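Quick look at input-v8.cif (mmCIF, C-alpha atoms; chains and numbers go by the auth columns):
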```
data_data
#
loop_
_atom_site.group_PDB
_atom_site.id
_atom_site.type_symbol
_atom_site.label_atom_id
_atom_site.label_comp_id
_atom_site.label_asym_id
_atom_site.label_seq_id
_atom_site.Cartn_x
_atom_site.Cartn_y
_atom_site.Cartn_z
_atom_site.B_iso_or_equiv
_atom_site.auth_seq_id
_atom_site.auth_asym_id
ATOM 1 C CA MET A 1 14.858 -37.274 -19.316 0.00 251 A
ATOM 2 C CA CYS A 2 14.739 -37.901 -15.578 0.00 252 A
ATOM 3 C CA PRO A 3 12.648 -41.022 -14.920 0.00 253 A
ATOM 4 C CA SER A 4 11.958 -39.868 -11.373 0.00 254 A
ATOM 5 C CA CYS A 5 10.644 -36.310 -11.787 0.00 255 A
ATOM 6 C CA GLY A 6 10.032 -36.103 -15.543 0.00 256 A
ATOM 7 C CA ALA A 7 12.359 -33.179 -16.222 0.00 257 A
ATOM 8 C CA PHE A 8 13.729 -33.076 -19.756 0.00 258 A
ATOM 9 C CA GLN A 9 17.076 -31.453 -20.592 0.00 259 A
ATOM 10 C CA THR A 10 19.376 -30.964 -23.527 0.00 260 A
ATOM 11 C CA GLU A 11 22.892 -32.338 -23.484 0.00 261 A
ATOM 12 C CA GLU A 12 25.438 -30.158 -21.687 0.00 262 A
ATOM 13 C CA PRO A 13 24.734 -26.812 -23.429 0.00 263 A
ATOM 14 C CA TYR A 14 28.111 -25.898 -24.935 0.00 264 A
ATOM 15 C CA TRP A 15 26.454 -23.275 -27.179 0.00 265 A
ATOM 16 C CA LEU A 16 25.267 -20.820 -24.504 0.00 266 A
ATOM 17 C CA LYS A 17 27.910 -18.156 -25.161 0.00 267 A
ATOM 18 C CA GLU A 18 26.666 -17.925 -28.745 0.00 268 A
ATOM 19 C CA ALA A 19 23.011 -18.122 -27.687 0.00 269 A
ATOM 20 C CA TYR A 20 23.415 -15.169 -25.337 0.00 270 A
ATOM 21 C CA ASP A 21 25.118 -12.815 -27.758 0.00 271 A
ATOM 22 C CA SER A 22 21.813 -11.008 -27.242 0.00 272 A
ATOM 23 C CA ALA A 23 20.071 -11.579 -23.918 0.00 273 A
ATOM 24 C CA ILE A 24 16.647 -11.489 -25.599 0.00 274 A
ATOM 25 C CA ILE A 25 16.352 -12.900 -29.096 0.00 275 A
ATOM 26 C CA ASP A 26 14.901 -10.802 -31.929 0.00 276 A
ATOM 27 C CA ALA A 27 12.284 -13.462 -32.677 0.00 277 A
ATOM 28 C CA ASP A 28 10.633 -13.006 -29.270 0.00 278 A
ATOM 29 C CA THR A 29 7.704 -11.059 -30.664 0.00 279 A
ATOM 30 C CA GLY A 30 5.463 -12.055 -27.759 0.00 280 A
ATOM 31 C CA ILE A 31 7.513 -10.281 -25.123 0.00 281 A
ATOM 32 C CA MET A 32 5.138 -7.335 -24.593 0.00 282 A
ATOM 33 C CA ALA A 33 1.843 -9.240 -24.680 0.00 283 A
ATOM 34 C CA ARG A 34 3.306 -11.892 -22.402 0.00 284 A
ATOM 35 C CA ASN A 35 4.494 -9.386 -19.817 0.00 285 A
ATOM 36 C CA VAL A 36 1.152 -7.581 -19.748 0.00 286 A
ATOM 37 C CA PHE A 37 -0.725 -10.856 -19.221 0.00 287 A
ATOM 38 C CA PHE A 38 1.670 -12.104 -16.553 0.00 288 A
ATOM 39 C CA SER A 39 1.597 -8.751 -14.732 0.00 289 A
ATOM 40 C CA GLU A 40 -2.204 -8.861 -14.568 0.00 290 A
ATOM 41 C CA MET A 41 -2.246 -12.332 -13.034 0.00 291 A
ATOM 42 C CA LEU A 42 0.593 -11.515 -10.671 0.00 292 A
ATOM 43 C CA SER A 43 -1.082 -8.287 -9.497 0.00 293 A
ATOM 44 C CA CYS A 44 -4.190 -10.212 -8.479 0.00 294 A
ATOM 45 C CA VAL A 45 -2.319 -12.842 -6.503 0.00 295 A
ATOM 46 C CA LEU A 46 0.161 -10.429 -4.911 0.00 296 A
ATOM 47 C CA PHE A 47 -2.568 -8.103 -3.691 0.00 297 A
ATOM 48 C CA GLY A 48 -4.645 -11.025 -2.452 0.00 298 A
ATOM 49 C CA THR A 49 -1.649 -12.316 -0.495 0.00 299 A
ATOM 50 C CA PHE A 50 0.094 -9.169 0.772 0.00 300 A
ATOM 51 C CA GLY A 51 -2.440 -6.383 0.283 0.00 301 A
ATOM 52 C CA SER A 52 -1.025 -2.899 -0.187 0.00 302 A
ATOM 53 C CA SER A 53 2.183 -3.644 1.716 0.00 303 A
ATOM 54 C CA GLY A 54 5.204 -5.575 0.545 0.00 304 A
ATOM 55 C CA ALA A 55 8.286 -5.184 -1.606 0.00 305 A
ATOM 56 C CA TYR A 56 9.058 -7.365 -4.589 0.00 306 A
ATOM 57 C CA LEU A 57 11.926 -8.219 -6.938 0.00 307 A
ATOM 58 C CA ASP A 58 11.861 -9.359 -10.556 0.00 308 A
ATOM 59 C CA LEU A 59 14.756 -11.761 -11.119 0.00 309 A
ATOM 60 C CA ALA A 60 16.259 -11.939 -14.609 0.00 310 A
ATOM 61 C CA GLY A 61 14.157 -8.866 -15.274 0.00 311 A
ATOM 62 C CA GLY A 62 15.353 -8.307 -18.842 0.00 312 A
ATOM 63 C CA TYR A 63 14.604 -4.864 -20.228 0.00 313 A
ATOM 64 C CA GLY A 64 12.625 -3.951 -17.100 0.00 314 A
ATOM 65 C CA ILE A 65 9.170 -4.394 -18.609 0.00 315 A
ATOM 66 C CA MET A 66 7.659 -6.339 -15.709 0.00 316 A
ATOM 67 C CA THR A 67 9.106 -4.040 -13.051 0.00 317 A
ATOM 68 C CA ARG A 68 7.706 -0.987 -14.812 0.00 318 A
ATOM 69 C CA LEU A 69 4.263 -2.562 -15.287 0.00 319 A
ATOM 70 C CA MET A 70 4.054 -3.558 -11.628 0.00 320 A
ATOM 71 C CA ARG A 71 5.187 -0.145 -10.412 0.00 321 A
ATOM 72 C CA ASP A 72 2.604 1.443 -12.700 0.00 322 A
ATOM 73 C CA ARG A 73 -0.040 -0.532 -10.787 0.00 323 A
ATOM 74 C CA GLY A 74 1.328 0.659 -7.468 0.00 324 A
ATOM 75 C CA PHE A 75 3.473 -2.241 -6.289 0.00 325 A
ATOM 76 C CA GLU A 76 6.900 -1.607 -4.741 0.00 326 A
ATOM 77 C CA TYR A 77 8.757 -3.578 -7.398 0.00 327 A
ATOM 78 C CA PHE A 78 12.464 -3.694 -8.213 0.00 328 A
ATOM 79 C CA TRP A 79 14.630 -5.098 -11.007 0.00 329 A
ATOM 80 C CA SER A 80 17.632 -7.421 -11.111 0.00 330 A
ATOM 81 C CA ASP A 81 19.422 -9.053 -14.043 0.00 331 A
ATOM 82 C CA PRO A 82 23.193 -9.560 -14.383 0.00 332 A
ATOM 83 C CA TYR A 83 22.925 -10.406 -18.089 0.00 333 A
ATOM 84 C CA CYS A 84 20.650 -7.728 -19.568 0.00 334 A
ATOM 85 C CA GLN A 85 20.455 -3.959 -19.705 0.00 335 A
ATOM 86 C CA ASN A 86 17.665 -2.351 -17.719 0.00 336 A
ATOM 87 C CA ILE A 87 15.927 -0.014 -20.149 0.00 337 A
ATOM 88 C CA LEU A 88 12.393 0.605 -18.878 0.00 338 A
ATOM 89 C CA SER A 89 12.814 0.624 -15.098 0.00 339 A
ATOM 90 C CA LYS A 90 16.080 2.497 -14.668 0.00 340 A
ATOM 91 C CA GLY A 91 16.569 3.836 -11.176 0.00 341 A
ATOM 92 C CA PHE A 92 14.749 0.934 -9.557 0.00 342 A
ATOM 93 C CA GLU A 93 17.466 -1.682 -9.565 0.00 343 A
ATOM 94 C CA LYS A 94 17.888 -3.828 -6.479 0.00 344 A
ATOM 95 C CA GLU A 95 21.466 -2.600 -6.122 0.00 345 A
ATOM 96 C CA THR A 96 20.462 1.074 -6.340 0.00 346 A
ATOM 97 C CA PHE A 97 18.243 0.804 -3.283 0.00 347 A
ATOM 98 C CA GLY A 98 20.482 -1.648 -1.454 0.00 348 A
ATOM 99 C CA ARG A 99 17.468 -3.646 -0.361 0.00 349 A
ATOM 100 C CA ALA A 100 18.224 -7.142 0.943 0.00 350 A
ATOM 101 C CA HIS A 101 14.766 -8.485 1.857 0.00 351 A
ATOM 102 C CA PHE A 102 11.697 -8.934 -0.336 0.00 352 A
ATOM 103 C CA ASP A 103 8.308 -10.475 0.376 0.00 353 A
ATOM 104 C CA ALA A 104 8.155 -12.227 -2.986 0.00 354 A
ATOM 105 C CA VAL A 105 10.267 -12.575 -6.111 0.00 355 A
ATOM 106 C CA SER A 106 9.284 -13.324 -9.691 0.00 356 A
ATOM 107 C CA ALA A 107 11.144 -15.126 -12.456 0.00 357 A
ATOM 108 C CA PHE A 108 9.127 -15.128 -15.652 0.00 358 A
ATOM 109 C CA GLU A 109 10.290 -17.406 -18.464 0.00 359 A
ATOM 110 C CA VAL A 110 13.532 -18.139 -16.607 0.00 360 A
ATOM 111 C CA LEU A 111 13.577 -21.734 -15.337 0.00 361 A
ATOM 112 C CA GLU A 112 13.787 -23.181 -18.845 0.00 362 A
ATOM 113 C CA HIS A 113 17.089 -21.267 -19.215 0.00 363 A
ATOM 114 C CA THR A 114 18.705 -22.878 -16.174 0.00 364 A
ATOM 115 C CA ILE A 115 21.025 -25.864 -16.104 0.00 365 A
ATOM 116 C CA ARG A 116 20.291 -26.536 -12.416 0.00 366 A
ATOM 117 C CA PRO A 117 16.780 -25.217 -11.751 0.00 367 A
ATOM 118 C CA LEU A 118 16.546 -26.600 -8.214 0.00 368 A
ATOM 119 C CA GLU A 119 19.621 -24.631 -7.205 0.00 369 A
ATOM 120 C CA PHE A 120 18.213 -21.517 -8.886 0.00 370 A
ATOM 121 C CA VAL A 121 14.986 -21.733 -6.865 0.00 371 A
ATOM 122 C CA LYS A 122 16.783 -22.422 -3.594 0.00 372 A
ATOM 123 C CA GLU A 123 19.273 -19.586 -4.055 0.00 373 A
ATOM 124 C CA SER A 124 16.646 -17.106 -5.279 0.00 374 A
ATOM 125 C CA LEU A 125 14.542 -17.528 -2.144 0.00 375 A
ATOM 126 C CA ALA A 126 17.521 -17.622 0.215 0.00 376 A
ATOM 127 C CA ASP A 127 19.252 -14.568 -1.254 0.00 377 A
ATOM 128 C CA SER A 128 16.078 -12.451 -1.246 0.00 378 A
ATOM 129 C CA GLY A 129 14.524 -13.697 1.979 0.00 379 A
ATOM 130 C CA ALA A 130 11.290 -14.038 0.023 0.00 380 A
ATOM 131 C CA LYS A 131 8.329 -16.167 1.061 0.00 381 A
ATOM 132 C CA ILE A 132 7.227 -16.871 -2.517 0.00 382 A
ATOM 133 C CA LEU A 133 8.788 -17.343 -5.942 0.00 383 A
ATOM 134 C CA PHE A 134 6.293 -16.676 -8.734 0.00 384 A
ATOM 135 C CA PHE A 135 7.341 -17.968 -12.127 0.00 385 A
ATOM 136 C CA THR A 136 6.207 -19.127 -15.538 0.00 386 A
ATOM 137 C CA THR A 137 7.450 -21.875 -17.782 0.00 387 A
ATOM 138 C CA GLU A 138 5.386 -23.846 -20.266 0.00 388 A
ATOM 139 C CA LEU A 139 4.715 -27.417 -19.163 0.00 389 A
ATOM 140 C CA PHE A 140 4.585 -30.535 -21.296 0.00 390 A
ATOM 141 C CA GLN A 141 2.900 -33.889 -20.842 0.00 391 A
ATOM 142 C CA GLU A 142 4.388 -37.213 -21.787 0.00 392 A
ATOM 143 C CA PRO A 143 5.244 -38.401 -24.304 0.00 393 A
ATOM 144 C CA VAL A 144 7.897 -35.757 -24.833 0.00 394 A
ATOM 145 C CA PRO A 145 6.830 -33.493 -27.724 0.00 395 A
ATOM 146 C CA SER A 146 8.670 -34.085 -30.975 0.00 396 A
ATOM 147 C CA PRO A 147 11.032 -31.324 -32.144 0.00 397 A
ATOM 148 C CA ARG A 148 8.609 -29.906 -34.703 0.00 398 A
ATOM 149 C CA ALA A 149 5.509 -30.269 -32.529 0.00 399 A
ATOM 150 C CA TRP A 150 6.362 -27.814 -29.743 0.00 400 A
ATOM 151 C CA TYR A 151 7.390 -24.206 -30.325 0.00 401 A
ATOM 152 C CA TYR A 152 8.738 -23.933 -26.765 0.00 402 A
ATOM 153 C CA TYR A 153 11.966 -25.707 -27.666 0.00 403 A
ATOM 154 C CA ALA A 154 12.807 -22.370 -29.307 0.00 404 A
ATOM 155 C CA PHE A 155 15.621 -23.819 -31.426 0.00 405 A
ATOM 156 C CA GLU A 156 16.086 -20.454 -33.139 0.00 406 A
ATOM 157 C CA GLY A 157 17.507 -19.001 -29.922 0.00 407 A
ATOM 158 C CA GLY A 158 19.222 -21.938 -28.232 0.00 408 A
ATOM 159 C CA GLN A 159 18.444 -20.576 -24.762 0.00 409 A
ATOM 160 C CA HIS A 160 15.778 -23.067 -23.635 0.00 410 A
ATOM 161 C CA ILE A 161 17.579 -26.071 -22.223 0.00 411 A
ATOM 162 C CA THR A 162 15.366 -27.508 -19.439 0.00 412 A
ATOM 163 C CA PHE A 163 11.688 -28.445 -19.711 0.00 413 A
ATOM 164 C CA PHE A 164 9.213 -29.330 -17.012 0.00 414 A
ATOM 165 C CA GLN A 165 6.085 -31.306 -16.332 0.00 415 A
ATOM 166 C CA LYS A 166 3.711 -30.517 -13.477 0.00 416 A
ATOM 167 C CA ARG A 167 5.075 -33.475 -11.536 0.00 417 A
ATOM 168 C CA THR A 168 8.594 -32.098 -11.977 0.00 418 A
ATOM 169 C CA LEU A 169 7.617 -28.881 -10.225 0.00 419 A
ATOM 170 C CA GLU A 170 5.751 -30.792 -7.526 0.00 420 A
ATOM 171 C CA ARG A 171 8.855 -32.873 -6.856 0.00 421 A
ATOM 172 C CA MET A 172 11.024 -29.755 -6.718 0.00 422 A
ATOM 173 C CA ALA A 173 8.695 -28.164 -4.162 0.00 423 A
ATOM 174 C CA ASP A 174 8.692 -31.307 -2.017 0.00 424 A
ATOM 175 C CA SER A 175 12.472 -31.504 -2.001 0.00 425 A
ATOM 176 C CA LEU A 176 12.726 -27.871 -0.822 0.00 426 A
ATOM 177 C CA GLY A 177 9.922 -28.060 1.744 0.00 427 A
ATOM 178 C CA LEU A 178 7.733 -25.651 -0.233 0.00 428 A
ATOM 179 C CA ARG A 179 4.100 -25.565 -1.306 0.00 429 A
ATOM 180 C CA PHE A 180 3.485 -25.665 -5.050 0.00 430 A
ATOM 181 C CA TYR A 181 0.658 -23.727 -6.699 0.00 431 A
ATOM 182 C CA THR A 182 -0.314 -23.340 -10.347 0.00 432 A
ATOM 183 C CA ASN A 183 -3.171 -22.170 -12.538 0.00 433 A
ATOM 184 C CA GLY A 184 -1.530 -23.774 -15.554 0.00 434 A
ATOM 185 C CA VAL A 185 0.298 -20.590 -16.551 0.00 435 A
ATOM 186 C CA LEU A 186 1.410 -18.844 -13.371 0.00 436 A
ATOM 187 C CA HIS A 187 3.243 -21.097 -10.922 0.00 437 A
ATOM 188 C CA ALA A 188 4.491 -20.504 -7.388 0.00 438 A
ATOM 189 C CA PHE A 189 6.827 -22.113 -4.886 0.00 439 A
ATOM 190 C CA SER A 190 5.800 -20.781 -1.505 0.00 440 A
ATOM 191 C CA TYR A 191 6.434 -20.965 2.219 0.00 441 A
ATOM 192 C CA VAL A 192 3.004 -19.397 2.860 0.00 442 A
ATOM 193 C CA LYS A 193 -0.536 -20.190 1.820 0.00 443 A
ATOM 194 C CA ILE A 194 -1.842 -18.684 -1.427 0.00 444 A
ATOM 195 C CA SER A 195 -5.519 -18.531 -2.348 0.00 445 A
ATOM 196 C CA GLU A 196 -6.021 -21.182 -5.026 0.00 446 A
ATOM 197 C CA THR A 197 -9.378 -19.614 -5.910 0.00 447 A
ATOM 198 C CA LEU A 198 -7.728 -16.267 -6.602 0.00 448 A
ATOM 199 C CA LEU A 199 -4.938 -17.951 -8.532 0.00 449 A
ATOM 200 C CA ARG A 200 -7.485 -19.643 -10.798 0.00 450 A
ATOM 201 C CA LEU A 201 -9.514 -16.436 -11.139 0.00 451 A
ATOM 202 C CA SER A 202 -6.408 -14.522 -12.211 0.00 452 A
ATOM 203 C CA ARG A 203 -6.259 -16.572 -15.401 0.00 453 A
ATOM 204 C CA THR A 204 -9.868 -15.752 -16.359 0.00 454 A
ATOM 205 C CA ARG A 205 -11.373 -12.491 -17.594 0.00 455 A
ATOM 206 C CA LEU A 206 -12.694 -11.908 -14.088 0.00 456 A
ATOM 207 C CA ARG A 207 -9.208 -10.703 -13.196 0.00 457 A
ATOM 208 C CA HIS A 208 -10.059 -7.390 -14.862 0.00 458 A
ATOM 209 C CA LEU A 209 -12.752 -6.743 -12.263 0.00 459 A
ATOM 210 C CA TYR A 210 -10.299 -7.497 -9.478 0.00 460 A
ATOM 211 C CA LEU A 211 -7.686 -5.268 -11.113 0.00 461 A
ATOM 212 C CA ARG A 212 -10.177 -2.403 -11.020 0.00 462 A
ATOM 213 C CA PHE A 213 -10.648 -3.041 -7.306 0.00 463 A
ATOM 214 C CA ILE A 214 -6.868 -3.069 -6.804 0.00 464 A
ATOM 215 C CA SER A 215 -6.481 0.224 -8.675 0.00 465 A
ATOM 216 C CA GLY A 216 -8.724 1.827 -6.061 0.00 466 A
ATOM 217 C CA LYS A 217 -6.520 0.544 -3.268 0.00 467 A
ATOM 218 C CA LEU A 218 -3.053 1.249 -4.684 0.00 468 A
ATOM 219 C CA ASP A 219 -1.596 4.478 -6.001 0.00 469 A
ATOM 220 C CA SER A 220 0.245 4.137 -9.294 0.00 470 A
ATOM 221 C CA LYS A 221 3.909 5.037 -9.071 0.00 471 A
ATOM 222 C CA ILE A 222 4.065 6.571 -12.560 0.00 472 A
ATOM 223 C CA MET A 223 4.246 10.196 -11.454 0.00 473 A
ATOM 224 C CA LYS A 224 6.019 9.480 -8.173 0.00 474 A
ATOM 225 C CA ASP A 225 8.776 7.648 -10.055 0.00 475 A
ATOM 226 C CA HIS A 226 8.889 10.423 -12.659 0.00 476 A
ATOM 227 C CA GLU A 227 9.495 13.031 -9.957 0.00 477 A
ATOM 228 C CA PHE A 228 12.062 10.827 -8.230 0.00 478 A
ATOM 229 C CA LEU A 229 14.083 10.308 -11.413 0.00 479 A
ATOM 230 C CA ILE A 230 14.014 13.992 -12.292 0.00 480 A
ATOM 231 C CA SER A 231 15.235 14.976 -8.837 0.00 481 A
ATOM 232 C CA LYS A 232 17.900 12.278 -8.976 0.00 482 A
ATOM 233 C CA SER A 233 19.234 13.562 -12.307 0.00 483 A
ATOM 234 C CA GLY A 234 19.511 17.108 -11.005 0.00 484 A
ATOM 235 C CA ASN A 235 17.387 18.487 -13.846 0.00 485 A
ATOM 236 C CA ARG A 236 14.879 20.093 -11.546 0.00 486 A
#
```
The structure given in the file should be rewritten as structure tokens.
Amino acid sequence: MCPSCGAFQTEEPYWLKEAYDSAIIDADTGIMARNVFFSEMLSCVLFGTFGSSGAYLDLAGGYGIMTRLMRDRGFEYFWSDPYCQNILSKGFEKETFGRAHFDAVSAFEVLEHTIRPLEFVKESLADSGAKILFFTTELFQEPVPSPRAWYYYAFEGGQHITFFQKRTLERMADSLGLRFYTNGVLHAFSYVKISETLLRLSRTRLRHLYLRFISGKLDSKIMKDHEFLISKSGNR
């Protein structure tokens, strides 16, 4: 445990090759519910910050669930993940479109997988040119939870190796010259101002009212993407 920032890490994780035999473990039964919830919060904050414009990238995007959900809502969202197969948002990979700049990037349930999280944040923003990194990771408060008291250690998978407190994230933001925002679930490192009121609202049931407003301002990409993929495959 770092006495300065409060980060808590495992020993040097020699077991990662075994842990990543499958990029997403079978026991992750919350993957769908989690992505739906995160996409709802993210939609509120993204629209409140960038409106109907903007292009976005989901880092470590896994099966492509988040990218597909965000495109369904009308956001220009793309996928990237060197370690997992894109299943649900095929055709919308960062590499396919050759896009180099994004307004914001997301990394949901990723930081706890990193050995050097500060480097991950710095490189993610620099490589994408993004103004904001939205992310999730469950926070703990001291004393450090005992092994059997906190499910987030996820011993069954062996992929979670770094754990954070709020003050850890605040220290990371300070060291990178970024603003730090959080509603307790959705966090952000940002070069630009984000509405803290909207961020808090996005965690409440009031987000559903705002999502209805957003749906009237954005056109879902479901059919547009369908037509694009059909034309791309030559089956038209």
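Picture a line from atom CA of A:Val286 to atom CA of A:Leu479; it runs 23.6 Å.
When only C-alpha atoms are used to measure the gap to A:Ile382, the shortest distance among A:Ala404, A:Ile337, A:Leu292, A:Ile365 belongs to A:Leu292.
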Check: Counting only C-alpha atoms, what is within 12 Å of A:Glu373, bar same-chain residues fewer than 5 positions away, as a ChimeraX atom specification?
Finding: /A:309,355,366-368,378-380,383,426
Item checked: Explicit residue set for the PyMOL selection byres ((chain A and resi 341) around 10), as a PyMOL selection string -> chain A and resi 328-329+336-340+342-347+475+478-479+482
Any chance you could export the current selection's C-alpha atoms as a PDB file, keeping the file's coordinate frame?
```pdb
ATOM      1  CA  PHE A 328      12.464  -3.694  -8.213  1.00  0.00           C
ATOM      2  CA  TRP A 329      14.630  -5.098 -11.007  1.00  0.00           C
ATOM      3  CA  ASN A 336      17.665  -2.351 -17.719  1.00  0.00           C
ATOM      4  CA  ILE A 337      15.927  -0.014 -20.149  1.00  0.00           C
ATOM      5  CA  LEU A 338      12.393   0.605 -18.878  1.00  0.00           C
ATOM      6  CA  SER A 339      12.814   0.624 -15.098  1.00  0.00           C
ATOM      7  CA  LYS A 340      16.080   2.497 -14.668  1.00  0.00           C
ATOM      8  CA  PHE A 342      14.749   0.934  -9.557  1.00  0.00           C
ATOM      9  CA  GLU A 343      17.466  -1.682  -9.565  1.00  0.00           C
ATOM     10  CA  LYS A 344      17.888  -3.828  -6.479  1.00  0.00           C
ATOM     11  CA  GLU A 345      21.466  -2.600  -6.122  1.00  0.00           C
ATOM     12  CA  THR A 346      20.462   1.074  -6.340  1.00  0.00           C
ATOM     13  CA  PHE A 347      18.243   0.804  -3.283  1.00  0.00           C
ATOM     14  CA  ASP A 475       8.776   7.648 -10.055  1.00  0.00           C
ATOM     15  CA  PHE A 478      12.062  10.827  -8.230  1.00  0.00           C
ATOM     16  CA  LEU A 479      14.083  10.308 -11.413  1.00  0.00           C
ATOM     17  CA  LYS A 482      17.900  12.278  -8.976  1.00  0.00           C
TER      18      LYS A 482
END
```
Item checked: Test item: which residues lie within 8 Å of (15.7, -7.3, -15.4) counting all atoms listed in the file, as a ChimeraX atom specification -> /A:308-315,317,329-332,334-336
Residues matched by the PyMOL selection byres ((chain A and resi 470) around 10) as a short mmCIF file (atom, residue, chain, number, x, y, z; two decimals) with C-alpha atoms, in the frame of the given file:
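Written output follows (out_17.cif):
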```cif
data_model
loop_
_atom_site.label_atom_id
_atom_site.label_comp_id
_atom_site.auth_asym_id
_atom_site.auth_seq_id
_atom_site.Cartn_x
_atom_site.Cartn_y
_atom_site.Cartn_z
CA LEU A 319 4.26 -2.56 -15.29
CA MET A 320 4.05 -3.56 -11.63
CA ARG A 321 5.19 -0.14 -10.41
CA ASP A 322 2.60 1.44 -12.70
CA ARG A 323 -0.04 -0.53 -10.79
CA GLY A 324 1.33 0.66 -7.47
CA PHE A 325 3.47 -2.24 -6.29
CA GLU A 326 6.90 -1.61 -4.74
CA SER A 465 -6.48 0.22 -8.68
CA GLY A 466 -8.72 1.83 -6.06
CA LYS A 467 -6.52 0.54 -3.27
CA LEU A 468 -3.05 1.25 -4.68
CA ASP A 469 -1.60 4.48 -6.00
CA LYS A 471 3.91 5.04 -9.07
CA ILE A 472 4.07 6.57 -12.56
CA MET A 473 4.25 10.20 -11.45
CA LYS A 474 6.02 9.48 -8.17
CA ASP A 475 8.78 7.65 -10.06
#
```
Note to self: One decimal, in Å: what's the spacing between atom CA of A:Trp400 and atom CA of A:Thr279?
What the structure shows: 16.8 Å
Next item on the list: Please write as a PyMOL selection string the list of polymer residues whose atoms come within 9 Å of (20.9, -27.1, -22.4), counting all atoms listed in the file and keeping to the coordinates of the file.
Entry: chain A and resi 259-266+362-365+408-412
Using all atoms listed in the file, which residues sit within 9 Å of A:Ser289 once same-chain residues fewer than 4 positions away are excluded, as a tab-separated table (two decimals) with C-alpha atoms, in the frame of the given file?
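Okay, this is what ended up in selection19.tsv:
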```tsv
chain	number	residue	atom	x	y	z
A	284	ARG	CA	3.31	-11.89	-22.40
A	285	ASN	CA	4.49	-9.39	-19.82
A	293	SER	CA	-1.08	-8.29	-9.50
A	294	CYS	CA	-4.19	-10.21	-8.48
A	316	MET	CA	7.66	-6.34	-15.71
A	319	LEU	CA	4.26	-2.56	-15.29
A	320	MET	CA	4.05	-3.56	-11.63
```
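Using all atoms listed in the file, the shortest contact distance between A:Phe430 and any of A:Phe405, A:His458, A:Tyr270, A:Phe384 is found at A:Phe384.
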Notebook entry, point to check: Just how far from atom CA of A:Thr386 is atom CA of A:Leu361, in Å to one decimal?
Noted result: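 According to the coordinates, atom CA of A:Leu361 and atom CA of A:Thr386 are separated by 7.8 Å.
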Next item on the list: Please write as a ChimeraX atom specification the full residue list that the PyMOL selection byres ((chain A and resi 433-437) around 10) yields on this file.
Entry: /A:288,291-292,295,356,358,383-389,416,419,430-432,438-440,446-453
Next item on the list: Between A:Leu459, A:Met251, A:Val360, A:Val371, single out the one closest to A:Ser425, counting all atoms listed in the file.
Entry: A:Val371
Got a minute to add N, CA, C and O atoms to stretch 311-321 of chain A and dump it as a PDB file, keeping the file's coordinate frame?
```pdb
ATOM      1  N   GLY A 311      15.204  -9.797 -14.868  1.00  0.00           N
ATOM      2  CA  GLY A 311      14.157  -8.866 -15.274  1.00  0.00           C
ATOM      3  C   GLY A 311      14.257  -8.309 -16.674  1.00  0.00           C
ATOM      4  O   GLY A 311      13.418  -7.485 -17.072  1.00  0.00           O
ATOM      5  N   GLY A 312      15.271  -8.726 -17.445  1.00  0.00           N
ATOM      6  CA  GLY A 312      15.353  -8.307 -18.842  1.00  0.00           C
ATOM      7  C   GLY A 312      15.391  -6.800 -19.004  1.00  0.00           C
ATOM      8  O   GLY A 312      16.116  -6.093 -18.288  1.00  0.00           O
ATOM      9  N   TYR A 313      14.604  -6.297 -19.935  1.00  0.00           N
ATOM     10  CA  TYR A 313      14.604  -4.864 -20.228  1.00  0.00           C
ATOM     11  C   TYR A 313      13.909  -4.034 -19.153  1.00  0.00           C
ATOM     12  O   TYR A 313      13.851  -2.800 -19.262  1.00  0.00           O
ATOM     13  N   GLY A 314      13.315  -4.689 -18.158  1.00  0.00           N
ATOM     14  CA  GLY A 314      12.625  -3.951 -17.100  1.00  0.00           C
ATOM     15  C   GLY A 314      11.145  -3.779 -17.339  1.00  0.00           C
ATOM     16  O   GLY A 314      10.491  -2.978 -16.660  1.00  0.00           O
ATOM     17  N   ILE A 315      10.592  -4.537 -18.262  1.00  0.00           N
ATOM     18  CA  ILE A 315       9.170  -4.394 -18.609  1.00  0.00           C
ATOM     19  C   ILE A 315       8.276  -4.743 -17.420  1.00  0.00           C
ATOM     20  O   ILE A 315       7.375  -3.979 -17.055  1.00  0.00           O
ATOM     21  N   MET A 316       8.511  -5.903 -16.809  1.00  0.00           N
ATOM     22  CA  MET A 316       7.659  -6.339 -15.709  1.00  0.00           C
ATOM     23  C   MET A 316       7.743  -5.395 -14.521  1.00  0.00           C
ATOM     24  O   MET A 316       6.723  -5.027 -13.924  1.00  0.00           O
ATOM     25  N   THR A 317       8.941  -4.961 -14.173  1.00  0.00           N
ATOM     26  CA  THR A 317       9.106  -4.040 -13.051  1.00  0.00           C
ATOM     27  C   THR A 317       8.334  -2.757 -13.287  1.00  0.00           C
ATOM     28  O   THR A 317       7.637  -2.252 -12.397  1.00  0.00           O
ATOM     29  N   ARG A 318       8.418  -2.229 -14.505  1.00  0.00           N
ATOM     30  CA  ARG A 318       7.706  -0.987 -14.812  1.00  0.00           C
ATOM     31  C   ARG A 318       6.192  -1.181 -14.755  1.00  0.00           C
ATOM     32  O   ARG A 318       5.454  -0.346 -14.216  1.00  0.00           O
ATOM     33  N   LEU A 319       5.698  -2.289 -15.309  1.00  0.00           N
ATOM     34  CA  LEU A 319       4.263  -2.562 -15.287  1.00  0.00           C
ATOM     35  C   LEU A 319       3.743  -2.683 -13.861  1.00  0.00           C
ATOM     36  O   LEU A 319       2.669  -2.158 -13.532  1.00  0.00           O
ATOM     37  N   MET A 320       4.506  -3.366 -13.005  1.00  0.00           N
ATOM     38  CA  MET A 320       4.054  -3.558 -11.628  1.00  0.00           C
ATOM     39  C   MET A 320       4.128  -2.259 -10.829  1.00  0.00           C
ATOM     40  O   MET A 320       3.249  -1.986  -9.996  1.00  0.00           O
ATOM     41  N   ARG A 321       5.119  -1.442 -11.079  1.00  0.00           N
ATOM     42  CA  ARG A 321       5.187  -0.145 -10.412  1.00  0.00           C
ATOM     43  C   ARG A 321       4.062   0.761 -10.899  1.00  0.00           C
ATOM     44  O   ARG A 321       3.491   1.541 -10.128  1.00  0.00           O
TER      45      ARG A 321
END
```
